[in-house]
Amino acid sequence: MISVEGLKVEFNATPLFEDVSYVINKKDRIALVGKNGAGKSTMLKILAGLQQPTEGTVSVPRDCTIGYLPQVMKLADSRTVMEEAEQAFGHIREMQADIERMNQELADRTDYESEDYQKLIERFTHENDRFLMMGGANYHAELERTLMGLGFTRQDFDRPTNEFSGGWRMRIELAKLLLQRPDVLLLDEPTNHLDIESIQWLEQFLATRANAVVLVSHDRAFLNNVTTRTIEISCGHIYDYKVKYDEFVKLRQERREQQLRAYENQQKQIEDTEAFIERFRYKATKAVQVQSRIKQLEKLERVEVDEEDTSALRLKFTCSSRSGNYPVICEDVRKAYGDHVVFHDVNLTINRGEKVAFVGKNGEGKSTLVKCIMGEISDYTGRLTLGHNVQIGYFAQNQAQLLDENLTVFDTIDRVAVGDIRLKIRDILGAFMFGGEASEKKVRVLSGGERTRLAMIKLLLEPVNFLILDEPTNHLDMRSKDILKEAIAGFEGTVIVVSHDRDFLDGLVTKVYEFGGGLVKEHLGGIYDFLQKKRIDSLNELQKSAPQPEATSAPTNKDSSARLSYEEQKERNKRLKKLERRVADCEAEINQTEAAISILEQQLATPDGASDMSLYDRHRKLKEQLDRAMEEWEAAGLELESEKENE
């Protein structure tokens with residue numbers, strides 16, 4: 001669908017990457033990976049047509065549509081959430097207005113027998129069929145489903161967008177892109193502003209309903225659940241793997257081992273050649289051979305080893321001193337803004353040395369409670385007590401954006417370093433991959449990941465025994481995230497992590513606090529224990545709300561419950577098989593209908609087909625059939641999943 005040939009990009013005469021060629025096919029799910037600064041965002045901008053390469057071409061078919069979500073964008077503030085999302089359907093609303101105008105003209109005119117009137121009828125019929133074919137009659141339902149899938153409520157639809165944070169407004173832009181259904185979707189860190197539930201919804205959407213997707217993300221679980229192909233940018237070149245991320249990591253390690261062996265062999269060859277040249281440089285009888293060896297060295301293509309593994313990020317949080325046994329105790333804490341209660345009746349105790357996660361939808365109060373603990377918010381009710389000798393180190397979501405863009409990397413750290421640590425600034429910067437000339441870079445030219453690393457250095461210089469990290473992994477590459485995770489795991493103090501990154505939290509935290517509906521609930525165990533428990537809890541709530549038959553009383557003891565379950569097991573298995581057949585039948589019908597629609601659309605693209613009104617009618621009926629099949633498939637899938645989890 002999109003063909004990239006011989007791509008080269010230079011910054012200040014230094015190639016970022018060169019001789020890059022690959023093809024994006026229909027229905028591809030591509031993860032674009034590489035270290036921070038490798039050129040991932042630049043590649044997306046080139047594919048989107050927003051940046052021109054130094055050399056090479058990007059061939060995009062004329063009828064191919066591309067949707068692009070950048071990491072940072074300027075957002076409009078003059079509309080409500082619904083009005084802003086409806087911009088995705090601007091072409092449909094224009095068509096609707098045109099149809100209404102023609103309909104009014106048909107009603108007003110009386111020259112029914114004239115040729116001009118007949119042409120107007122034909123044009124009206126043609127445009128109306130096109131309107132129905134494009135889903136014009138039911139786009140509002142799709143719009144509402146998408147907004148609610150990304151975390152908005154119906155009450156939010158009529159609120160002005162300027163009442164929302166930047167992260168929520170990014171969700172609106174993401175919704176607009178998804179609703180446009182482009183042929184190729186380019187997403188740069190789409191999960192940075194999403195909570196866990198919204199990420200899972202987006203995973204499902206991209207895996208089942210999107211066309212081709214090219215995705216930059218540092219969320220390993222998200223990549224594994226969405227993508228089936230991995231393109232890595234490394235050492236200025238690309239490596240294309242037809243596998244998902246976890247399999248790519250294994251293959252990449254094998255490739256690097258081969259590179260290392262080739263590099264070592266080449267270094268031995270170079271050493272031997274240089275020794276020969278030095279030994280016989282001044283012997284006339286060996287002059288021809290010496291010159292030949294010199295030319296050999298000049299022409300030798302040097303083997304490169306993947307750059308992110310040649311310099312390791314070394315990160316260690318040092319616990320300054322021992323705090324009291326209970327660094328944080330909350331008793332009936334409540335915080336409200338006017339009539340809006342963020343949370344109430346919060347009762348929690350965090351023990352010294354515990355590592356806990358704060359999770360929940362955006363806007364449910366995670367960062368607000370963190371600010372209460374930090375003392376930045378004091379007008380809450382209830383009692384919040386910090387333990388003896390608690391020294392807090394805080395990393396905020398926007399920490400990287402708060403850096404002074406006019407300073408260099410070195411000056412940024414030089415201004416906060418005190419005492420003997422000032423003598424070790426360059427060593428510290430080197431450990432964070434800011435060695436040599438990189439330490440003299442201005443902050444404004446750093447990538448998002450580099451800024452996050454720089455902000456993390458500032459935190460490292462503070463003597464603390466209690467770390468509070470609010471979305472610390474946003475913009476960090478996979479390697480940096482793994483090292484940060486190791487450093488937090490090795491930290492002897494107490495840690496609160498506010499994060500939506502399941503893979504990062506997995507194995508790191510032993511307790512999860514869930515924020516939602518004004519409450520903060522404690523869940524013992526890791527993040528995947530919590531997610532599994534949440535699905536079971538939801539099913540239990542559904543069962544509790546279901547009406548019970550009047551004639552049958554509920555079992556009152558464990559034995560009767562087990563007996564009832566045993567007696568119903570055969571019937572349950574029958575229902576499961578029936579639901580599985582129903583899901584399979586729906587999938588088969590969807591595939592057949594989509595194939596029929598594709599053939600019909602090819603016919604409609606021809607001059608003869610475009611004028612054949614019967615084809616539009618068939619297309620409309622097939623689309624309606626597809627919508628019904630999709631709805632039945634979704635319902636059957638949910639029912640099957642519910643039945644299995646409830647087993």
# chains A, B, ... in the order shown; residues from 1 in each chain; ligands from 1

$ select_by_dssp --residues "range 216-379 of chain A" --states "strand (DSSP E or B)" --output "number ranges by chain"
A: 216, 229-234, 237-241, 319, 328-337, 340-350, 355-360

$ residues_around --residues "range 178-188 of chain A" --least-positions-apart "4" --cutoff "10 Å" --atoms "only C-alpha atoms" --output "short mmCIF file (atom, residue, chain, number, x, y, z; two decimals) with C-alpha atoms, in the first residue's frame"
data_model
loop_
_atom_site.label_atom_id
_atom_site.label_comp_id
_atom_site.auth_asym_id
_atom_site.auth_seq_id
_atom_site.Cartn_x
_atom_site.Cartn_y
_atom_site.Cartn_z
CA MET A 1 0.00 0.00 0.00
CA ILE A 2 2.86 2.41 0.92
CA ILE A 24 3.47 -1.28 4.36
CA ASN A 25 0.79 -3.75 3.27
CA LYS A 26 -2.95 -3.75 3.85
CA LYS A 27 -3.83 -4.97 7.38
CA ASP A 28 -0.18 -4.80 8.54
CA ARG A 29 0.24 -4.22 12.30
CA ILE A 30 3.75 -2.79 12.56
CA ALA A 31 5.68 -1.90 15.73
CA LEU A 32 8.35 0.72 14.94
CA LYS A 40 11.07 6.67 15.03
CA SER A 41 9.01 9.88 15.24
CA LEU A 44 6.24 8.59 11.11
CA LYS A 45 6.34 12.26 10.05
CA LEU A 47 5.16 8.59 6.18
CA ALA A 48 2.50 11.19 7.06
CA ASP A 63 -6.83 6.92 -2.96
CA CYS A 64 -4.91 5.88 0.20
CA THR A 65 -5.83 7.87 3.33
CA ILE A 66 -3.38 8.34 6.22
CA GLY A 67 -4.18 9.29 9.82
CA TYR A 68 -1.37 10.54 12.08
CA LEU A 69 -1.34 11.04 15.87
CA PRO A 70 1.82 12.86 17.03
CA GLN A 71 3.18 12.79 20.60
CA VAL A 72 2.41 16.50 21.02
CA ALA A 85 -15.19 14.56 17.65
CA GLU A 86 -17.78 15.23 14.92
CA GLN A 87 -15.04 16.98 12.91
CA ALA A 88 -14.03 13.46 11.88
CA PHE A 89 -17.29 13.29 9.93
CA GLY A 90 -17.05 16.71 8.27
CA TYR A 139 -22.25 7.59 12.54
CA GLU A 142 -20.12 4.82 16.29
CA LEU A 143 -18.89 8.18 17.59
CA THR A 146 -15.52 5.30 20.44
CA LEU A 147 -15.58 8.20 22.92
CA ILE A 172 -10.39 13.35 21.54
CA GLU A 173 -7.83 13.63 18.72
CA LEU A 174 -7.28 9.86 18.88
CA ASN A 192 0.91 7.85 27.14
CA LEU A 202 -7.71 0.50 22.05
CA PHE A 205 -10.03 -1.81 18.31
CA LEU A 206 -6.64 -1.81 16.55
CA ARG A 209 -11.25 -3.07 13.34
CA ALA A 210 -8.38 -0.90 12.07
CA ASN A 211 -6.74 -1.17 8.67
CA ALA A 212 -2.91 -0.92 8.44
CA VAL A 213 -1.26 0.38 11.65
CA VAL A 214 2.29 1.69 12.24
CA LEU A 215 2.82 2.11 15.96
CA VAL A 216 5.53 3.69 18.12
CA SER A 217 5.08 2.70 21.77
CA HIS A 218 7.19 1.76 24.77
#

$ closest_residue --among "A:Val520, A:Cys319, A:His193, A:Thr473" --to "Val333 in chain A" --atoms "only C-alpha atoms"
A:Val520

$ residues_around --residues "range 320-329 of chain A" --least-positions-apart "6" --cutoff "8 Å" --atoms "only C-alpha atoms" --output "JSON list (two decimals) with C-alpha atoms, in the first residue's frame"
[["chain", "number", "residue", "atom", "x", "y", "z"],
["A", 347, "ASN", "CA", -8.26, 4.72, 54.44],
["A", 348, "LEU", "CA", -4.88, 3.25, 53.60],
["A", 349, "THR", "CA", -1.57, 2.46, 55.27],
["A", 350, "ILE", "CA", 1.67, 2.06, 53.33],
["A", 351, "ASN", "CA", 4.42, 0.19, 55.17],
["A", 352, "ARG", "CA", 8.11, 1.02, 54.99],
["A", 373, "ILE", "CA", 0.85, 13.38, 50.30],
["A", 384, "LEU", "CA", -3.14, 12.22, 56.37],
["A", 385, "THR", "CA", -0.01, 11.44, 58.38],
["A", 386, "LEU", "CA", 3.55, 11.10, 57.09],
["A", 387, "GLY", "CA", 5.83, 8.85, 59.12],
["A", 388, "HIS", "CA", 8.97, 9.81, 61.01],
["A", 389, "ASN", "CA", 11.94, 11.02, 58.92],
["A", 390, "VAL", "CA", 10.13, 10.58, 55.56],
["A", 391, "GLN", "CA", 12.11, 12.23, 52.75],
["A", 463, "PRO", "CA", 18.59, 12.20, 49.21],
["A", 464, "VAL", "CA", 15.27, 10.34, 49.67],
["A", 465, "ASN", "CA", 13.75, 7.25, 51.30],
["A", 466, "PHE", "CA", 10.29, 7.52, 49.70],
["A", 493, "GLY", "CA", 12.87, 2.65, 50.62],
["A", 494, "THR", "CA", 9.14, 2.97, 49.94]]

$ residues_around --residues "Val81 in chain A" --least-positions-apart "5" --cutoff "12 Å" --atoms "only C-alpha atoms" --output "mmCIF file with all heavy atoms, in the first residue's frame"
data_model
loop_
_atom_site.group_PDB
_atom_site.id
_atom_site.type_symbol
_atom_site.label_atom_id
_atom_site.label_comp_id
_atom_site.auth_asym_id
_atom_site.auth_seq_id
_atom_site.Cartn_x
_atom_site.Cartn_y
_atom_site.Cartn_z
ATOM 1 N N LEU A 75 -4.132 21.790 20.204
ATOM 2 C CA LEU A 75 -5.524 21.357 20.261
ATOM 3 C C LEU A 75 -6.474 22.544 20.309
ATOM 4 O O LEU A 75 -6.193 23.560 20.945
ATOM 5 C CB LEU A 75 -5.743 20.489 21.505
ATOM 6 C CG LEU A 75 -4.829 19.256 21.581
ATOM 7 C CD1 LEU A 75 -4.836 18.674 22.974
ATOM 8 C CD2 LEU A 75 -5.242 18.212 20.582
ATOM 9 N N ALA A 76 -7.612 22.415 19.620
ATOM 10 C CA ALA A 76 -8.618 23.483 19.595
ATOM 11 C C ALA A 76 -9.404 23.482 20.900
ATOM 12 O O ALA A 76 -9.613 22.444 21.510
ATOM 13 C CB ALA A 76 -9.566 23.274 18.416
ATOM 14 N N GLU A 86 -16.999 15.248 16.164
ATOM 15 C CA GLU A 86 -17.781 15.226 14.918
ATOM 16 C C GLU A 86 -16.986 15.779 13.730
ATOM 17 O O GLU A 86 -17.385 15.574 12.575
ATOM 18 C CB GLU A 86 -19.068 16.035 15.090
ATOM 19 C CG GLU A 86 -20.165 15.287 15.842
ATOM 20 C CD GLU A 86 -21.430 16.115 16.006
ATOM 21 O OE1 GLU A 86 -21.352 17.355 15.850
ATOM 22 O OE2 GLU A 86 -22.490 15.532 16.277
ATOM 23 N N GLN A 87 -15.867 16.470 14.015
ATOM 24 C CA GLN A 87 -15.041 16.977 12.912
ATOM 25 C C GLN A 87 -14.514 15.834 12.051
ATOM 26 O O GLN A 87 -14.171 16.023 10.891
ATOM 27 C CB GLN A 87 -13.853 17.800 13.465
ATOM 28 C CG GLN A 87 -14.263 19.026 14.270
ATOM 29 C CD GLN A 87 -15.189 19.941 13.497
ATOM 30 O OE1 GLN A 87 -14.854 20.404 12.408
ATOM 31 N NE2 GLN A 87 -16.369 20.185 14.042
ATOM 32 N N LEU A 143 -19.609 7.112 16.909
ATOM 33 C CA LEU A 143 -18.889 8.185 17.589
ATOM 34 C C LEU A 143 -18.996 8.016 19.108
ATOM 35 O O LEU A 143 -17.997 8.102 19.829
ATOM 36 C CB LEU A 143 -19.477 9.530 17.147
ATOM 37 C CG LEU A 143 -18.724 10.815 17.507
ATOM 38 C CD1 LEU A 143 -19.045 11.907 16.491
ATOM 39 C CD2 LEU A 143 -19.114 11.304 18.890
ATOM 40 N N GLU A 144 -20.219 7.761 19.592
ATOM 41 C CA GLU A 144 -20.420 7.604 21.031
ATOM 42 C C GLU A 144 -19.682 6.376 21.556
ATOM 43 O O GLU A 144 -19.067 6.427 22.633
ATOM 44 C CB GLU A 144 -21.920 7.497 21.336
ATOM 45 C CG GLU A 144 -22.672 8.815 21.149
ATOM 46 C CD GLU A 144 -24.140 8.700 21.521
ATOM 47 O OE1 GLU A 144 -24.533 7.645 22.066
ATOM 48 O OE2 GLU A 144 -24.890 9.667 21.274
ATOM 49 N N LEU A 147 -15.874 7.291 21.809
ATOM 50 C CA LEU A 147 -15.576 8.205 22.918
ATOM 51 C C LEU A 147 -15.683 7.482 24.261
ATOM 52 O O LEU A 147 -14.827 7.660 25.139
ATOM 53 C CB LEU A 147 -16.519 9.408 22.894
ATOM 54 C CG LEU A 147 -16.256 10.469 21.812
ATOM 55 C CD1 LEU A 147 -17.350 11.530 21.825
ATOM 56 C CD2 LEU A 147 -14.893 11.137 22.017
ATOM 57 N N MET A 148 -16.725 6.660 24.412
ATOM 58 C CA MET A 148 -16.897 5.950 25.680
ATOM 59 C C MET A 148 -15.834 4.869 25.855
ATOM 60 O O MET A 148 -15.380 4.602 26.971
ATOM 61 C CB MET A 148 -18.305 5.365 25.765
ATOM 62 C CG MET A 148 -19.380 6.451 25.867
ATOM 63 S SD MET A 148 -21.071 5.845 25.831
ATOM 64 C CE MET A 148 -21.233 5.208 27.496
ATOM 65 N N PHE A 152 -14.537 8.494 28.041
ATOM 66 C CA PHE A 152 -15.477 9.591 28.254
ATOM 67 C C PHE A 152 -16.841 9.035 28.673
ATOM 68 O O PHE A 152 -17.211 7.918 28.303
ATOM 69 C CB PHE A 152 -15.638 10.423 26.975
ATOM 70 C CG PHE A 152 -14.416 11.212 26.604
ATOM 71 C CD1 PHE A 152 -13.488 10.706 25.701
ATOM 72 C CD2 PHE A 152 -14.178 12.459 27.157
ATOM 73 C CE1 PHE A 152 -12.352 11.417 25.357
ATOM 74 C CE2 PHE A 152 -13.047 13.185 26.818
ATOM 75 C CZ PHE A 152 -12.132 12.662 25.925
ATOM 76 N N THR A 153 -17.589 9.838 29.420
ATOM 77 C CA THR A 153 -18.957 9.482 29.773
ATOM 78 C C THR A 153 -19.913 10.343 28.952
ATOM 79 O O THR A 153 -19.506 11.355 28.364
ATOM 80 C CB THR A 153 -19.226 9.734 31.266
ATOM 81 O OG1 THR A 153 -19.096 11.146 31.537
ATOM 82 C CG2 THR A 153 -18.222 8.972 32.137
ATOM 83 N N ARG A 154 -21.180 9.958 28.929
ATOM 84 C CA ARG A 154 -22.168 10.761 28.190
ATOM 85 C C ARG A 154 -22.258 12.180 28.746
ATOM 86 O O ARG A 154 -22.540 13.118 28.004
ATOM 87 C CB ARG A 154 -23.540 10.086 28.253
ATOM 88 C CG ARG A 154 -23.606 8.777 27.470
ATOM 89 C CD ARG A 154 -25.023 8.242 27.378
ATOM 90 N NE ARG A 154 -25.042 6.934 26.728
ATOM 91 C CZ ARG A 154 -25.008 6.758 25.420
ATOM 92 N NH1 ARG A 154 -24.945 7.808 24.614
ATOM 93 N NH2 ARG A 154 -25.025 5.541 24.898
ATOM 94 N N GLN A 155 -22.020 12.329 30.044
ATOM 95 C CA GLN A 155 -22.056 13.661 30.650
ATOM 96 C C GLN A 155 -20.930 14.558 30.126
ATOM 97 O O GLN A 155 -21.033 15.782 30.165
ATOM 98 C CB GLN A 155 -21.949 13.554 32.182
ATOM 99 C CG GLN A 155 -23.183 12.985 32.875
ATOM 100 C CD GLN A 155 -23.324 11.475 32.666
ATOM 101 O OE1 GLN A 155 -22.328 10.785 32.462
ATOM 102 N NE2 GLN A 155 -24.568 10.977 32.687
ATOM 103 N N ASP A 156 -19.843 13.917 29.633
ATOM 104 C CA ASP A 156 -18.706 14.690 29.114
ATOM 105 C C ASP A 156 -18.968 15.249 27.715
ATOM 106 O O ASP A 156 -18.287 16.188 27.286
ATOM 107 C CB ASP A 156 -17.445 13.819 29.051
ATOM 108 C CG ASP A 156 -16.942 13.423 30.420
ATOM 109 O OD1 ASP A 156 -17.131 14.209 31.360
ATOM 110 O OD2 ASP A 156 -16.359 12.326 30.545
ATOM 111 N N PHE A 157 -19.910 14.669 26.976
ATOM 112 C CA PHE A 157 -20.071 14.998 25.555
ATOM 113 C C PHE A 157 -20.336 16.487 25.325
ATOM 114 O O PHE A 157 -19.880 17.056 24.330
ATOM 115 C CB PHE A 157 -21.208 14.180 24.933
ATOM 116 C CG PHE A 157 -20.909 12.704 24.814
ATOM 117 C CD1 PHE A 157 -21.902 11.800 24.449
ATOM 118 C CD2 PHE A 157 -19.631 12.204 25.056
ATOM 119 C CE1 PHE A 157 -21.634 10.439 24.341
ATOM 120 C CE2 PHE A 157 -19.351 10.854 24.948
ATOM 121 C CZ PHE A 157 -20.351 9.970 24.600
ATOM 122 N N ASP A 158 -21.087 17.117 26.227
ATOM 123 C CA ASP A 158 -21.459 18.520 26.027
ATOM 124 C C ASP A 158 -20.550 19.488 26.779
ATOM 125 O O ASP A 158 -20.810 20.693 26.804
ATOM 126 C CB ASP A 158 -22.916 18.743 26.459
ATOM 127 C CG ASP A 158 -23.900 17.979 25.578
ATOM 128 O OD1 ASP A 158 -23.631 17.886 24.358
ATOM 129 O OD2 ASP A 158 -24.904 17.460 26.099
ATOM 130 N N ARG A 159 -19.485 18.961 27.394
ATOM 131 C CA ARG A 159 -18.551 19.848 28.103
ATOM 132 C C ARG A 159 -17.551 20.441 27.112
ATOM 133 O O ARG A 159 -17.112 19.764 26.177
ATOM 134 C CB ARG A 159 -17.795 19.064 29.178
ATOM 135 C CG ARG A 159 -18.643 18.675 30.378
ATOM 136 C CD ARG A 159 -17.864 17.784 31.321
ATOM 137 N NE ARG A 159 -16.636 18.435 31.808
ATOM 138 C CZ ARG A 159 -15.690 17.789 32.495
ATOM 139 N NH1 ARG A 159 -15.823 16.489 32.738
ATOM 140 N NH2 ARG A 159 -14.615 18.430 32.898
ATOM 141 N N PRO A 160 -17.156 21.721 27.295
ATOM 142 C CA PRO A 160 -16.136 22.322 26.418
ATOM 143 C C PRO A 160 -14.805 21.588 26.571
ATOM 144 O O PRO A 160 -14.457 21.146 27.676
ATOM 145 C CB PRO A 160 -16.021 23.767 26.933
ATOM 146 C CG PRO A 160 -17.245 23.995 27.750
ATOM 147 C CD PRO A 160 -17.649 22.665 28.307
ATOM 148 N N THR A 161 -14.067 21.465 25.483
ATOM 149 C CA THR A 161 -12.799 20.734 25.541
ATOM 150 C C THR A 161 -11.779 21.423 26.438
ATOM 151 O O THR A 161 -10.871 20.773 26.957
ATOM 152 C CB THR A 161 -12.198 20.569 24.129
ATOM 153 O OG1 THR A 161 -12.048 21.859 23.529
ATOM 154 C CG2 THR A 161 -13.091 19.712 23.263
ATOM 155 N N ASN A 162 -11.916 22.765 26.633
ATOM 156 C CA ASN A 162 -10.924 23.467 27.455
ATOM 157 C C ASN A 162 -11.058 23.142 28.940
ATOM 158 O O ASN A 162 -10.241 23.558 29.748
ATOM 159 C CB ASN A 162 -10.985 24.986 27.241
ATOM 160 C CG ASN A 162 -12.354 25.572 27.556
ATOM 161 O OD1 ASN A 162 -13.187 24.919 28.182
ATOM 162 N ND2 ASN A 162 -12.591 26.782 27.114
ATOM 163 N N GLU A 163 -12.102 22.384 29.317
ATOM 164 C CA GLU A 163 -12.236 21.944 30.706
ATOM 165 C C GLU A 163 -11.415 20.684 30.980
ATOM 166 O O GLU A 163 -11.285 20.264 32.126
ATOM 167 C CB GLU A 163 -13.708 21.654 31.042
ATOM 168 C CG GLU A 163 -14.587 22.898 31.107
ATOM 169 C CD GLU A 163 -16.008 22.555 31.543
ATOM 170 O OE1 GLU A 163 -16.244 21.379 31.908
ATOM 171 O OE2 GLU A 163 -16.861 23.457 31.517
ATOM 172 N N PHE A 164 -10.866 20.090 29.917
ATOM 173 C CA PHE A 164 -10.132 18.835 30.064
ATOM 174 C C PHE A 164 -8.625 19.072 30.027
ATOM 175 O O PHE A 164 -8.150 20.035 29.422
ATOM 176 C CB PHE A 164 -10.526 17.854 28.950
ATOM 177 C CG PHE A 164 -11.947 17.366 29.038
ATOM 178 C CD1 PHE A 164 -12.985 18.081 28.466
ATOM 179 C CD2 PHE A 164 -12.247 16.199 29.712
ATOM 180 C CE1 PHE A 164 -14.288 17.645 28.540
ATOM 181 C CE2 PHE A 164 -13.550 15.743 29.796
ATOM 182 C CZ PHE A 164 -14.571 16.469 29.219
ATOM 183 N N TRP A 168 -6.592 14.247 28.161
ATOM 184 C CA TRP A 168 -7.959 13.953 27.708
ATOM 185 C C TRP A 168 -8.213 14.533 26.334
ATOM 186 O O TRP A 168 -8.930 13.941 25.518
ATOM 187 C CB TRP A 168 -8.972 14.494 28.721
ATOM 188 C CG TRP A 168 -9.129 13.582 29.891
ATOM 189 C CD1 TRP A 168 -8.486 13.661 31.091
ATOM 190 C CD2 TRP A 168 -9.944 12.412 29.970
ATOM 191 N NE1 TRP A 168 -8.855 12.623 31.903
ATOM 192 C CE2 TRP A 168 -9.758 11.843 31.251
ATOM 193 C CE3 TRP A 168 -10.821 11.789 29.085
ATOM 194 C CZ2 TRP A 168 -10.409 10.686 31.657
ATOM 195 C CZ3 TRP A 168 -11.480 10.644 29.501
ATOM 196 C CH2 TRP A 168 -11.268 10.102 30.766
ATOM 197 N N ARG A 169 -7.634 15.689 26.050
ATOM 198 C CA ARG A 169 -7.835 16.271 24.709
ATOM 199 C C ARG A 169 -7.099 15.460 23.644
ATOM 200 O O ARG A 169 -7.539 15.375 22.499
ATOM 201 C CB ARG A 169 -7.391 17.738 24.709
ATOM 202 C CG ARG A 169 -8.438 18.631 25.385
ATOM 203 C CD ARG A 169 -8.051 20.089 25.355
ATOM 204 N NE ARG A 169 -7.007 20.364 26.333
ATOM 205 C CZ ARG A 169 -6.383 21.528 26.437
ATOM 206 N NH1 ARG A 169 -6.678 22.517 25.613
ATOM 207 N NH2 ARG A 169 -5.458 21.726 27.345
ATOM 208 N N MET A 170 -5.982 14.840 24.051
ATOM 209 C CA MET A 170 -5.308 13.931 23.127
ATOM 210 C C MET A 170 -6.202 12.733 22.808
ATOM 211 O O MET A 170 -6.197 12.212 21.696
ATOM 212 C CB MET A 170 -3.986 13.446 23.735
ATOM 213 C CG MET A 170 -2.887 14.485 23.753
ATOM 214 S SD MET A 170 -2.275 14.871 22.098
ATOM 215 C CE MET A 170 -1.257 13.437 21.783
ATOM 216 N N ARG A 171 -7.007 12.308 23.780
ATOM 217 C CA ARG A 171 -7.946 11.211 23.533
ATOM 218 C C ARG A 171 -8.991 11.612 22.482
ATOM 219 O O ARG A 171 -9.411 10.791 21.673
ATOM 220 C CB ARG A 171 -8.665 10.820 24.823
ATOM 221 C CG ARG A 171 -7.771 10.202 25.881
ATOM 222 C CD ARG A 171 -8.635 9.684 27.021
ATOM 223 N NE ARG A 171 -7.817 9.293 28.166
ATOM 224 C CZ ARG A 171 -8.168 8.369 29.036
ATOM 225 N NH1 ARG A 171 -9.313 7.737 28.892
ATOM 226 N NH2 ARG A 171 -7.413 8.066 30.060
ATOM 227 N N ILE A 172 -9.416 12.875 22.532
ATOM 228 C CA ILE A 172 -10.386 13.346 21.536
ATOM 229 C C ILE A 172 -9.773 13.266 20.138
ATOM 230 O O ILE A 172 -10.421 12.820 19.179
ATOM 231 C CB ILE A 172 -10.834 14.793 21.847
ATOM 232 C CG1 ILE A 172 -11.530 14.857 23.213
ATOM 233 C CG2 ILE A 172 -11.786 15.305 20.767
ATOM 234 C CD1 ILE A 172 -11.816 16.269 23.694
ATOM 235 N N GLU A 173 -8.508 13.692 20.022
ATOM 236 C CA GLU A 173 -7.825 13.630 18.724
ATOM 237 C C GLU A 173 -7.681 12.181 18.265
ATOM 238 O O GLU A 173 -7.835 11.873 17.083
ATOM 239 C CB GLU A 173 -6.440 14.291 18.820
ATOM 240 C CG GLU A 173 -6.478 15.780 19.090
ATOM 241 C CD GLU A 173 -7.268 16.529 18.032
ATOM 242 O OE1 GLU A 173 -7.020 16.317 16.835
ATOM 243 O OE2 GLU A 173 -8.158 17.319 18.406
ATOM 244 N N ALA A 175 -9.701 9.725 19.099
ATOM 245 C CA ALA A 175 -11.050 9.295 18.693
ATOM 246 C C ALA A 175 -11.356 9.754 17.273
ATOM 247 O O ALA A 175 -11.897 8.991 16.459
ATOM 248 C CB ALA A 175 -12.088 9.848 19.669
ATOM 249 N N LYS A 176 -11.011 10.996 16.945
ATOM 250 C CA LYS A 176 -11.262 11.529 15.600
ATOM 251 C C LYS A 176 -10.533 10.700 14.545
ATOM 252 O O LYS A 176 -11.085 10.381 13.484
ATOM 253 C CB LYS A 176 -10.830 12.999 15.520
ATOM 254 C CG LYS A 176 -11.778 13.948 16.236
ATOM 255 C CD LYS A 176 -11.142 15.282 16.557
ATOM 256 C CE LYS A 176 -10.739 16.074 15.333
ATOM 257 N NZ LYS A 176 -10.201 17.403 15.703
#

$ atom_distance --atom1 "CA of Tyr241 in chain A" --atom2 "CA of Gly6 in chain A"
18.6 Å

$ closest_residue --among "A:Leu615, A:Ala13, A:Ile196, A:Leu626" --to "Asn591 in chain A" --atoms "only C-alpha atoms"
A:Leu626

$ residues_around --residues "Lys441 in chain A" --least-positions-apart "6" --cutoff "12 Å" --atoms "only C-alpha atoms" --output "PyMOL selection string"
chain A and resi 405-412+429+434-435+447+450-451+454

$ closest_residue --among "A:Leu469, A:Ile238, A:Val4, A:Cys330" --to "Cys372 in chain A" --atoms "only C-alpha atoms"
A:Cys330

$ select_by_dssp --residues "range 350-537 of chain A" --states "helix (DSSP H, G or I)" --output "PyMOL selection string"
chain A and resi 366-374+400-402+409-414+419-431+436-440+443-445+448-460+478-490+502-505+527-537

$ atom_distance --atom1 "CA of Gln397 in chain A" --atom2 "CA of Asp470 in chain A"
5.3 Å

$ decode --residues "range 173-189 of chain A" --atoms "C-alpha atoms" --output "compact mmCIF listing (two decimals), in the first residue's frame"
# COMPACT_ATOMS: atom_id res chain seq x y z
CA GLU A 173 -7.83 13.63 18.72
CA LEU A 174 -7.28 9.86 18.88
CA ALA A 175 -11.05 9.30 18.69
CA LYS A 176 -11.26 11.53 15.60
CA LEU A 177 -8.52 9.53 13.91
CA LEU A 178 -10.10 6.15 14.71
CA LEU A 179 -13.50 7.35 13.48
CA GLN A 180 -12.07 8.45 10.13
CA ARG A 181 -10.96 4.83 9.52
CA PRO A 182 -7.88 5.78 7.45
CA ASP A 183 -6.18 3.13 5.31
CA VAL A 184 -2.97 3.63 7.31
CA LEU A 185 -2.97 4.72 10.95
CA LEU A 186 0.30 6.23 12.29
CA LEU A 187 0.34 6.43 16.10
CA ASP A 188 3.20 7.97 18.09
CA GLU A 189 2.98 6.89 21.75
